[in-house]
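Asker: As input, take coords-v2.cif (mmCIF, C-alpha atoms):
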```
data_query
loop_
_atom_site.label_atom_id
_atom_site.label_comp_id
_atom_site.auth_asym_id
_atom_site.auth_seq_id
_atom_site.Cartn_x
_atom_site.Cartn_y
_atom_site.Cartn_z
CA MET A 1 11.34 -6.59 2.62
CA GLY A 2 11.63 -9.83 0.66
CA LEU A 3 8.62 -11.23 -1.19
CA HIS A 4 8.78 -14.98 -1.63
CA PRO A 5 6.09 -17.16 -3.21
CA PRO A 6 4.76 -20.11 -1.20
CA LYS A 7 6.52 -23.39 -1.75
CA GLY A 8 5.18 -25.26 -4.77
CA ARG A 9 3.96 -22.14 -6.53
CA GLU A 10 7.26 -20.82 -7.88
CA GLN A 11 6.27 -21.10 -11.53
CA SER A 12 2.80 -19.58 -11.04
CA SER A 13 4.10 -16.70 -8.96
CA LEU A 14 6.86 -15.99 -11.46
CA GLU A 15 4.34 -15.97 -14.31
CA LEU A 16 2.07 -13.55 -12.46
CA ALA A 17 4.97 -11.29 -11.56
CA THR A 18 6.09 -11.28 -15.21
CA ILE A 19 2.62 -10.25 -16.40
CA ALA A 20 2.41 -7.54 -13.75
CA MET A 21 5.86 -6.14 -14.51
CA ALA A 22 5.23 -6.28 -18.25
CA LYS A 23 2.07 -4.22 -17.89
CA PHE A 24 3.88 -1.78 -15.62
CA CYS A 25 6.72 -1.32 -18.11
CA ASN A 26 4.45 -1.52 -21.18
CA ALA A 27 6.36 -4.61 -22.31
CA ILE A 28 3.20 -6.60 -23.06
CA PRO A 29 2.81 -6.65 -26.84
CA GLU A 30 0.28 -4.34 -28.43
CA PRO A 31 -2.55 -3.42 -27.96
CA TRP A 32 -1.48 -2.57 -24.42
CA HIS A 33 -0.90 1.11 -23.78
CA SER A 34 -1.00 2.90 -20.48
CA ARG A 35 -2.55 5.85 -18.72
CA LYS A 36 -1.66 6.09 -15.06
CA ARG A 37 -2.99 7.88 -11.98
CA CYS A 38 -0.66 8.82 -9.16
CA PHE A 39 -1.43 8.77 -5.44
CA GLY A 40 -2.80 12.33 -5.69
CA GLY A 41 -5.46 11.16 -8.12
CA GLN A 42 -4.01 12.89 -11.19
CA PHE A 43 -3.83 11.28 -14.62
CA CYS A 44 -0.14 12.04 -14.87
CA ARG A 45 1.61 9.57 -17.18
CA TRP A 46 0.66 8.75 -20.76
CA GLU A 47 1.99 6.27 -23.28
CA LEU A 48 -0.44 6.00 -26.16
CA ASN A 49 2.25 6.47 -28.80
CA PRO A 50 4.62 3.47 -28.70
CA GLY A 51 7.76 4.21 -26.73
CA ILE A 52 6.89 7.88 -26.11
CA TYR A 53 6.10 8.86 -22.52
CA ASN A 54 4.34 12.07 -21.59
CA TYR A 55 4.46 13.18 -17.97
CA GLU A 56 1.66 15.73 -18.05
CA THR A 57 -1.06 16.39 -15.50
CA VAL A 58 -4.12 17.43 -17.52
CA LEU A 59 -6.27 19.43 -15.12
CA ALA A 60 -9.55 18.75 -16.93
CA ASN A 61 -9.15 15.02 -16.21
CA GLN A 62 -10.97 14.84 -12.90
CA PHE A 63 -13.64 13.17 -10.81
CA THR A 64 -16.24 15.44 -9.23
CA VAL A 65 -18.85 14.47 -6.64
CA CYS A 66 -22.28 16.06 -6.14
CA LEU A 67 -24.53 15.28 -3.15
CA ARG A 68 -28.22 16.15 -2.94
CA CYS A 69 -30.74 15.64 -0.13
CA LYS A 70 -34.48 16.20 -0.44
CA GLY A 71 -34.00 17.76 -3.86
CA GLN A 72 -31.41 20.29 -2.66
CA ARG A 73 -27.72 20.35 -3.45
CA ILE A 74 -25.67 20.06 -0.24
CA TYR A 75 -22.14 19.45 -1.55
CA GLN A 76 -20.23 19.61 -4.84
CA GLN A 77 -16.46 19.23 -5.03
CA VAL A 78 -13.67 18.33 -7.44
CA LEU A 79 -11.83 15.42 -5.82
CA SER A 80 -8.44 17.05 -6.25
CA VAL A 81 -6.18 19.09 -3.97
CA GLU A 82 -5.14 21.23 -6.95
CA ARG A 83 -5.99 24.96 -7.20
CA PRO A 84 -5.32 25.64 -10.90
CA SER A 85 -5.51 28.84 -12.90
CA THR A 86 -7.91 27.26 -15.41
CA LEU A 87 -11.45 25.98 -14.83
CA GLN A 88 -11.78 28.44 -11.97
CA GLY A 89 -15.56 28.08 -12.10
CA TRP A 90 -15.11 24.69 -10.40
CA ASN A 91 -14.76 24.10 -6.66
CA TRP A 92 -11.14 22.97 -6.29
CA GLY A 93 -8.91 22.42 -3.27
CA TYR A 94 -10.24 19.23 -1.68
CA CYS A 95 -8.67 18.90 1.78
CA GLY A 96 -6.01 16.20 1.52
CA HIS A 97 -6.42 15.22 5.18
CA TYR A 98 -9.67 13.50 4.15
CA ALA A 99 -8.26 11.46 1.27
CA PHE A 100 -6.03 8.38 1.26
CA TYR A 101 -4.38 6.45 -1.57
CA HIS A 102 -3.80 2.71 -1.06
CA ALA A 103 -1.31 0.85 -3.27
CA LEU A 104 -1.02 -2.91 -3.57
CA TYR A 105 -0.05 -3.62 -7.17
CA PRO A 106 -1.88 -4.51 -9.36
CA ARG A 107 -4.67 -3.10 -7.19
CA ALA A 108 -5.06 0.50 -6.09
CA TRP A 109 -7.88 2.44 -4.48
CA MET A 110 -8.56 5.86 -3.00
CA VAL A 111 -10.77 6.68 -0.01
CA TYR A 112 -12.46 10.08 0.30
CA GLU A 113 -14.11 10.91 3.62
CA LEU A 114 -16.20 13.87 2.50
CA PRO A 115 -15.77 16.43 5.30
CA GLY A 116 -18.96 17.16 7.24
CA GLN A 117 -21.14 14.97 4.99
CA LYS A 118 -21.06 11.51 6.68
CA VAL A 119 -20.45 10.07 3.22
CA VAL A 120 -17.39 7.99 2.28
CA LEU A 121 -16.34 7.30 -1.31
CA THR A 122 -13.95 4.49 -2.22
CA CYS A 123 -12.65 4.40 -5.80
CA ARG A 124 -11.14 1.07 -6.85
CA GLN A 125 -9.02 1.28 -9.99
CA VAL A 126 -9.32 -1.99 -11.90
CA SER A 127 -6.90 -2.97 -14.65
CA PRO A 128 -6.73 -6.75 -14.70
CA VAL A 129 -3.68 -8.93 -14.20
CA ILE A 130 -5.16 -12.43 -14.36
CA PRO A 131 -3.34 -15.77 -14.19
CA HIS A 132 -3.57 -17.82 -17.42
CA ASP A 133 -5.68 -15.11 -19.09
CA TYR A 134 -3.48 -13.09 -21.42
CA LYS A 135 -6.45 -11.79 -23.41
CA ASP A 136 -8.29 -10.01 -20.58
CA SER A 137 -5.00 -8.97 -18.95
CA SER A 138 -4.22 -7.02 -22.14
CA LEU A 139 -7.44 -5.03 -22.29
CA PRO A 140 -6.61 -1.35 -23.05
CA VAL A 141 -9.04 -0.08 -20.44
CA GLY A 142 -9.38 0.94 -16.83
CA VAL A 143 -12.53 0.79 -14.72
CA PHE A 144 -13.19 3.02 -11.71
CA ILE A 145 -15.57 1.31 -9.29
CA TRP A 146 -16.98 3.80 -6.80
CA GLU A 147 -18.34 2.42 -3.54
CA VAL A 148 -20.58 4.97 -1.81
CA GLU A 149 -21.30 4.62 1.92
CA ASN A 150 -24.02 6.83 3.35
CA GLY A 151 -23.68 7.35 7.11
CA ARG A 152 -26.57 9.81 7.26
CA ASP A 153 -30.05 9.14 8.68
CA GLU A 154 -31.61 10.16 5.36
CA ASP A 155 -31.28 9.16 1.74
CA VAL A 156 -28.72 11.00 -0.36
CA GLU A 157 -28.45 11.35 -4.12
CA VAL A 158 -24.85 10.87 -5.25
CA SER A 159 -23.41 11.79 -8.65
CA ILE A 160 -19.86 11.09 -9.81
CA MET A 161 -18.76 13.09 -12.87
CA PHE A 162 -15.74 11.96 -14.91
CA SER A 163 -14.30 14.67 -17.17
CA LEU A 164 -11.57 14.09 -19.75
CA GLN A 165 -9.69 16.26 -22.23
CA ASN A 166 -9.44 15.13 -25.85
CA GLY A 167 -5.70 14.42 -25.96
CA MET A 168 -2.73 14.06 -23.63
CA GLY A 169 -2.03 17.68 -22.75
CA THR A 170 0.48 18.10 -25.60
CA LYS A 171 0.59 20.63 -28.43
CA GLU A 172 -1.32 18.20 -30.66
CA ASP A 173 -4.43 18.88 -28.53
CA ARG A 174 -4.53 22.32 -30.21
CA SER A 175 -3.84 21.14 -33.76
CA GLY A 176 -7.52 21.29 -34.73
CA GLY A 177 -9.86 18.75 -36.29
CA HIS A 178 -10.69 16.86 -33.07
CA TRP A 179 -14.30 16.07 -32.14
CA ASN A 180 -16.48 14.17 -29.67
CA GLU A 181 -19.72 12.22 -29.91
CA PRO A 182 -22.04 10.49 -27.44
CA PHE A 183 -22.68 6.76 -27.63
CA ALA A 184 -24.76 4.09 -25.94
CA LEU A 185 -24.28 0.35 -26.24
CA GLU A 186 -26.52 -2.48 -25.09
CA LYS A 187 -25.39 -6.09 -25.17
CA ASP A 188 -26.55 -9.21 -23.32
CA GLY A 189 -28.85 -7.12 -21.15
CA GLU A 190 -26.04 -4.78 -20.11
CA ARG A 191 -25.96 -1.12 -21.13
CA VAL A 192 -23.25 1.52 -20.99
CA ALA A 193 -23.32 5.09 -22.22
CA GLY A 194 -20.75 7.84 -22.56
CA VAL A 195 -18.71 9.89 -24.99
CA LEU A 196 -16.13 9.03 -27.66
CA LEU A 197 -13.30 11.58 -28.01
CA HIS A 198 -11.74 11.37 -31.48
CA HIS A 199 -8.17 12.73 -31.59
CA CYS A 200 -7.54 13.16 -35.31
CA THR A 201 -3.83 13.81 -35.71
CA SER A 202 -2.08 13.05 -39.01
CA VAL A 203 0.13 10.43 -37.33
CA ASN A 204 -1.21 7.86 -34.85
CA PRO A 205 -4.79 9.15 -34.46
CA PHE A 206 -6.69 7.63 -31.56
CA THR A 207 -10.06 7.55 -29.85
CA LEU A 208 -10.76 7.75 -26.13
CA ALA A 209 -13.99 6.46 -24.60
CA ILE A 210 -15.39 7.50 -21.22
CA SER A 211 -18.48 5.65 -20.10
CA ALA A 212 -20.62 4.56 -17.16
CA ARG A 213 -22.70 1.48 -16.58
CA GLU A 214 -26.47 1.85 -16.50
CA LYS A 215 -28.37 -0.48 -14.18
CA ALA A 216 -31.45 -0.43 -11.99
CA GLY A 217 -31.35 2.72 -9.87
CA THR A 218 -28.40 4.22 -11.74
CA GLY A 219 -28.69 6.98 -14.33
CA VAL A 220 -25.99 8.02 -16.81
CA THR A 221 -25.81 11.46 -18.42
CA HIS A 222 -23.14 13.24 -20.44
CA LEU A 223 -21.78 16.50 -21.80
CA THR A 224 -20.42 16.04 -25.31
CA ALA A 225 -17.98 18.95 -25.37
CA PHE A 226 -16.72 21.86 -23.28
CA ASN A 227 -13.69 24.15 -23.27
CA PRO A 228 -11.15 22.89 -20.67
CA THR A 229 -9.06 26.07 -20.90
CA GLY A 230 -11.88 28.41 -19.84
CA LEU A 231 -13.71 28.89 -16.55
CA GLY A 232 -15.79 25.74 -16.99
CA ARG A 233 -18.90 27.33 -15.49
CA GLU A 234 -21.26 25.73 -18.00
CA VAL A 235 -20.19 22.27 -16.81
CA TRP A 236 -20.25 23.15 -13.14
CA GLN A 237 -23.65 24.83 -13.21
CA ASP A 238 -25.12 22.00 -15.28
CA LEU A 239 -24.15 19.46 -12.60
CA LEU A 240 -25.03 21.84 -9.77
CA GLN A 241 -28.59 22.31 -10.98
CA ASP A 242 -29.86 18.75 -10.54
CA GLY A 243 -26.90 16.40 -10.20
CA ARG A 244 -27.16 15.47 -13.88
CA LEU A 245 -25.66 16.63 -17.18
CA ASP A 246 -27.79 17.85 -20.10
CA SER A 247 -26.92 14.93 -22.45
CA PRO A 248 -27.09 16.81 -25.78
CA THR A 249 -27.54 14.69 -28.89
CA GLY A 250 -25.30 14.69 -31.94
CA GLN A 251 -21.56 15.10 -32.34
CA SER A 252 -19.57 18.20 -31.52
CA SER A 253 -18.10 20.45 -34.15
CA LEU A 254 -14.47 20.04 -35.18
CA THR A 255 -12.04 22.06 -33.12
CA GLU A 256 -10.29 24.97 -34.79
CA LYS A 257 -6.52 25.25 -34.66
CA GLY A 258 -5.58 26.49 -31.20
CA GLU A 259 -8.77 25.17 -29.59
CA VAL A 260 -9.00 22.33 -27.05
CA THR A 261 -12.05 20.23 -26.27
CA ALA A 262 -13.10 17.92 -23.44
CA ALA A 263 -16.11 15.83 -22.45
CA ALA A 264 -17.76 14.46 -19.31
CA VAL A 265 -19.92 11.54 -18.23
CA CYS A 266 -21.89 11.36 -14.98
CA ALA A 267 -23.28 8.37 -13.06
CA SER A 268 -25.95 9.02 -10.42
CA CYS A 269 -27.86 6.97 -7.85
CA ARG A 270 -29.86 7.28 -4.63
CA VAL A 271 -28.13 5.81 -1.58
CA PRO A 272 -30.47 4.87 1.29
CA ALA A 273 -29.85 6.02 4.85
CA ARG A 274 -27.05 3.98 6.44
CA GLY A 275 -26.71 2.12 3.14
CA HIS A 276 -24.29 1.82 0.26
CA ARG A 277 -24.36 1.67 -3.54
CA THR A 278 -21.85 1.18 -6.37
CA LEU A 279 -21.21 3.32 -9.46
CA GLU A 280 -18.99 2.11 -12.31
CA LEU A 281 -17.16 4.33 -14.80
CA ALA A 282 -14.57 3.38 -17.40
CA LEU A 283 -11.86 4.79 -19.64
CA ALA A 284 -10.81 2.95 -22.82
CA TRP A 285 -8.48 3.93 -25.64
CA ASP A 286 -7.97 2.82 -29.22
CA MET A 287 -5.09 3.51 -31.60
CA PRO A 288 -5.67 0.94 -34.37
CA CYS A 289 -3.10 2.30 -36.86
CA VAL A 290 0.43 2.92 -35.61
CA HIS A 291 3.60 4.40 -37.02
CA PHE A 292 6.73 3.83 -34.96
CA GLY A 293 9.56 6.37 -34.78
CA SER A 294 10.89 5.92 -38.30
CA LYS A 295 7.37 6.10 -39.83
CA GLU A 296 8.51 3.72 -42.55
CA LYS A 297 5.67 1.24 -42.11
CA LEU A 298 2.07 1.43 -40.93
CA HIS A 299 1.17 -1.25 -38.39
CA PHE A 300 -2.33 -2.47 -37.55
CA ARG A 301 -3.48 -3.90 -34.24
CA VAL A 302 -5.94 -6.77 -33.96
CA LEU A 303 -7.76 -7.90 -30.82
CA GLU A 304 -9.48 -11.25 -30.49
CA HIS A 305 -12.06 -9.93 -28.04
CA THR A 306 -13.30 -6.97 -30.14
CA PRO A 307 -15.33 -8.49 -32.99
CA ALA A 308 -16.45 -5.03 -34.08
CA TRP A 309 -12.84 -4.18 -34.92
CA ASN A 310 -11.90 -2.18 -37.95
CA VAL A 311 -8.96 0.07 -38.73
CA CYS A 312 -11.04 3.26 -38.58
CA GLY A 313 -11.18 3.23 -34.80
CA VAL A 314 -14.80 2.24 -34.14
CA SER A 315 -13.65 -0.43 -31.70
CA SER A 316 -13.67 2.17 -28.93
CA LEU A 317 -17.44 1.91 -29.07
CA GLU A 318 -17.11 -1.78 -28.29
CA TRP A 319 -14.55 -1.02 -25.58
CA GLY A 320 -17.08 1.30 -23.96
CA HIS A 321 -18.71 -1.97 -22.89
CA THR A 322 -15.66 -3.11 -20.94
CA PRO A 323 -17.03 -2.50 -17.40
CA ARG A 324 -18.77 -5.87 -17.67
CA LEU A 325 -15.62 -7.51 -19.04
CA LEU A 326 -13.46 -6.12 -16.27
CA LEU A 327 -15.92 -7.04 -13.55
CA GLU A 328 -15.77 -10.59 -14.87
CA SER A 329 -11.98 -10.27 -14.81
CA GLU A 330 -12.17 -9.09 -11.19
CA GLN A 331 -14.12 -12.22 -10.30
CA LYS A 332 -11.58 -14.39 -12.09
CA ARG A 333 -8.77 -12.71 -10.18
CA PHE A 334 -10.32 -13.45 -6.81
CA ALA A 335 -11.00 -17.00 -7.97
CA HIS A 336 -7.19 -17.22 -8.27
CA SER A 337 -6.54 -15.31 -5.04
CA HIS A 338 -3.86 -17.80 -3.98
CA TRP A 339 -1.67 -16.30 -6.72
CA TYR A 340 -1.72 -13.01 -4.85
CA GLY A 341 -1.15 -14.34 -1.37
CA TRP A 342 2.64 -14.15 -1.61
CA CYS A 343 2.66 -10.45 -2.61
CA THR A 344 0.12 -9.08 -0.09
CA THR A 345 2.46 -8.95 2.88
CA GLY A 346 2.29 -5.17 3.01
CA MET A 347 0.43 -2.23 1.53
CA VAL A 348 1.50 1.38 0.95
CA VAL A 349 -0.86 4.13 2.08
CA HIS A 350 -0.39 7.80 1.18
CA SER A 351 -2.25 10.76 2.58
CA MET A 352 -2.99 13.35 -0.11
CA ALA A 353 -2.23 16.02 2.49
CA GLN A 354 1.33 14.68 2.94
CA PRO A 355 2.49 13.48 -0.50
CA GLY A 356 6.02 12.84 0.69
CA SER A 357 4.96 10.36 3.36
CA ALA A 358 3.96 6.73 3.08
CA ASN A 359 3.16 3.98 5.54
CA LEU A 360 3.50 0.23 5.04
CA ILE A 361 0.56 -1.54 6.68
CA GLN A 362 -1.17 -4.89 6.53
CA PRO A 363 -3.75 -5.13 3.73
CA PRO A 364 -7.45 -5.26 4.65
CA SER A 365 -9.17 -8.63 4.77
CA PHE A 366 -11.33 -8.01 1.67
CA LEU A 367 -8.23 -8.22 -0.52
CA GLY A 368 -7.87 -11.93 0.16
#
```
Could you write out this structure as structure tokens?
Answerer:
Amino acid sequence: MGLHPPKGREQSSLELATIAMAKFCNAIPEPWHSRKRCFGGQFCRWELNPGIYNYETVLANQFTVCLRCKGQRIYQQVLSVERPSTLQGWNWGYCGHYAFYHALYPRAWMVYELPGQKVVLTCRQVSPVIPHDYKDSSLPVGVFIWEVENGRDEDVEVSIMFSLQNGMGTKEDRSGGHWNEPFALEKDGERVAGVLLHHCTSVNPFTLAISAREKAGTGVTHLTAFNPTGLGREVWQDLLQDGRLDSPTGQSSLTEKGEVTAAAVCASCRVPARGHRTLELALAWDMPCVHFGSKEKLHFRVLEHTPAWNVCGVSSLEWGHTPRLLLESEQKRFAHSHWYGWCTTGMVVHSMAQPGSANLIQPPSFLG
């Protein structure tokens, strides 16, 4: 299938395609790194260290949904078809026949039709590719916008938990000395809260930030640290009890050699009968000091849009505020929707139950 830009837009379309391909191949100059999800929902490809790719599915990196009606839990499920040997205290094995991955680069979203619940979740993965806006297109962050549709005749309380391991699933995760800490940031009337995961290796240390946006009717809670190699019952039971996490204060202790740590953030809201609501979660990463392969010289990254920058890695706290930035970027992108018209001639849809199959269909009207 040939993709040809409309007449008169050759230069604009070429520029957009170049930006998109550069982000895909990690050719955009630093600070761009990448963490990618596949059509099965896994975080499966990592490139935080320059030029080094890790193809590892870290099982602790998951989204989990909890539904409650009239104060009683009615459903709690990891949104993954996996049935792993670790974290067996969690409810795995989501039926893939009720989940669909939609791909239309640079946009992607997943639809979960929760079986028997009359609730549909749509997760839009936002990582901006914006015409004439190199700065926001280079943000080292991804936002997961969850649209919740309640088809029931009664209100339902919905919680989305985002769990993440400190590291990339490599041997360095067990090297010891890693730690997590909660954070909250308020700016211009906007507030986000979550957890910073400090990965303190001797070469190329980095910080991950998972967060959720607080707004009217939305609560954000967290779990600073848990063991992702155990049964995970303390996390599961915490969420199961009331659809919230305990939100302990203070930082975690440093991991011992051989230990692994993870963290979680949870966004919750009440969705009215026959209504819908939106929850926003984000993942950001920060590696301010970089050695390349030869390790002959230490390089420092500087970002114009992070005024709190310093080389010790505290900019991840500022990047925890990126849901607002990316939502603004989303608006900018649709303001330039004519740039995307030439590449929306078809969309790939995968069923999680049949990973080897894909269908090319027309994109929905909301994509412009």
Asker: What lies within 9 Å of A:Trp179 using only C-alpha atoms, ignoring chain neighbours under 5 positions off, as a PyMOL selection string?
Answerer: chain A and resi 166+196-200+225+251-255+261-262
Asker: Run through the PyMOL selection byres ((chain A and resi 211) around 9) on the given coordinates and return the selected residues as a ChimeraX atom specification.
Answerer: /A:162,183-184,192-196,209-210,212-213,220,222,264-267,280-284,320-321,323
Asker: Between atom CA of A:Arg124 and atom CA of A:Ser137, what distance in Å does the model show, to one decimal?
Answerer: 16.9 Å
Asker: Quick one, how far is atom CA of A:Val271 from atom CA of A:Glu190?
Answerer: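 Separation between atom CA of A:Val271 and atom CA of A:Glu190: 21.4 Å.
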Asker: Could you please give me, as a PyMOL selection string, the residues of protein, DNA or RNA lying at most 8 Å from (-32.1, -1.0, -19.0) in the coordinate frame of the file, considering only C-alpha atoms?
Answerer: chain A and resi 189-191+214-216
Asker: Mind pulling up the distance from atom CA of A:Asn204 to atom CA of A:Thr249?
Answerer: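 Taking atom CA of A:Thr249 as the start and atom CA of A:Asn204 as the end point, the length is 27.8 Å.
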Asker: Take the point (-20.3, -1.3, -4.1) in the file's coordinates, draw a sphere of radius 10 Å around it, and report as a PyMOL selection string every protein, DNA or RNA residue with an atom inside or on it, counting all atoms listed in the file.
Answerer: chain A and resi 121-124+145-149+276-280
Asker: Can I get the selected residues back with C-alpha atoms, as a PDB file, in the frame of the given file?
Answerer:
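Below is the file that was written, out-v4.pdb:
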```
ATOM      1  CA  LEU A 121     -16.340   7.300  -1.310  1.00  0.00           C
ATOM      2  CA  THR A 122     -13.950   4.490  -2.220  1.00  0.00           C
ATOM      3  CA  CYS A 123     -12.650   4.400  -5.800  1.00  0.00           C
ATOM      4  CA  ARG A 124     -11.140   1.070  -6.850  1.00  0.00           C
ATOM      5  CA  ILE A 145     -15.570   1.310  -9.290  1.00  0.00           C
ATOM      6  CA  TRP A 146     -16.980   3.800  -6.800  1.00  0.00           C
ATOM      7  CA  GLU A 147     -18.340   2.420  -3.540  1.00  0.00           C
ATOM      8  CA  VAL A 148     -20.580   4.970  -1.810  1.00  0.00           C
ATOM      9  CA  GLU A 149     -21.300   4.620   1.920  1.00  0.00           C
ATOM     10  CA  HIS A 276     -24.290   1.820   0.260  1.00  0.00           C
ATOM     11  CA  ARG A 277     -24.360   1.670  -3.540  1.00  0.00           C
ATOM     12  CA  THR A 278     -21.850   1.180  -6.370  1.00  0.00           C
ATOM     13  CA  LEU A 279     -21.210   3.320  -9.460  1.00  0.00           C
ATOM     14  CA  GLU A 280     -18.990   2.110 -12.310  1.00  0.00           C
TER      15      GLU A 280
END
```
Asker: Of the residues A:Tyr94, A:Phe226, A:Trp109, A:Trp236, which is the one nearest to A:Cys66, using all atoms listed in the file?
Answerer: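 Using all atoms listed in the file, the shortest distance to A:Cys66 belongs to A:Trp236.
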Asker: Quick check on the file I pasted: which residues fall under the PyMOL selection byres ((chain A and resi 64) around 6)? Write them as JSON, numbers by chain.
Answerer: {"A": [63, 65, 77, 78, 79, 160, 161]}
Asker: Include C-alpha atoms and write out the residues we just selected as a compact mmCIF listing (two decimals), in the frame of the given file.
Answerer:
```
# COMPACT_ATOMS: atom_id res chain seq x y z
CA PHE A 63 -13.64 13.17 -10.81
CA VAL A 65 -18.85 14.47 -6.64
CA GLN A 77 -16.46 19.23 -5.03
CA VAL A 78 -13.67 18.33 -7.44
CA LEU A 79 -11.83 15.42 -5.82
CA ILE A 160 -19.86 11.09 -9.81
CA MET A 161 -18.76 13.09 -12.87
```
Asker: Considering only C-alpha atoms, state which residue in the set A:Ala263, A:Leu231, A:Cys269, A:Val58 is at the smallest distance from A:Gly89.
Answerer: A:Leu231
Asker: Tell me which of A:Gly275, A:Pro182, A:Gly71, A:Gly151 sits closest to A:Leu223, counting all atoms listed in the file.
Answerer: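 For A:Leu223, the nearest of the candidates is A:Pro182.
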Asker: Mind checking which residues fall within 9 Å of A:Thr229, counting only C-alpha atoms, ignoring those fewer than 2 positions away in the same chain, and posting them as an mmCIF file with C-alpha atoms, keeping the file's coordinate frame?
Answerer:
```cif
data_model
loop_
_atom_site.group_PDB
_atom_site.id
_atom_site.type_symbol
_atom_site.label_atom_id
_atom_site.label_comp_id
_atom_site.auth_asym_id
_atom_site.auth_seq_id
_atom_site.Cartn_x
_atom_site.Cartn_y
_atom_site.Cartn_z
ATOM 1 C CA ALA A 60 -9.550 18.750 -16.930
ATOM 2 C CA THR A 86 -7.910 27.260 -15.410
ATOM 3 C CA LEU A 87 -11.450 25.980 -14.830
ATOM 4 C CA ASN A 227 -13.690 24.150 -23.270
ATOM 5 C CA LEU A 231 -13.710 28.890 -16.550
ATOM 6 C CA GLY A 232 -15.790 25.740 -16.990
ATOM 7 C CA GLU A 259 -8.770 25.170 -29.590
ATOM 8 C CA VAL A 260 -9.000 22.330 -27.050
ATOM 9 C CA THR A 261 -12.050 20.230 -26.270
#
```
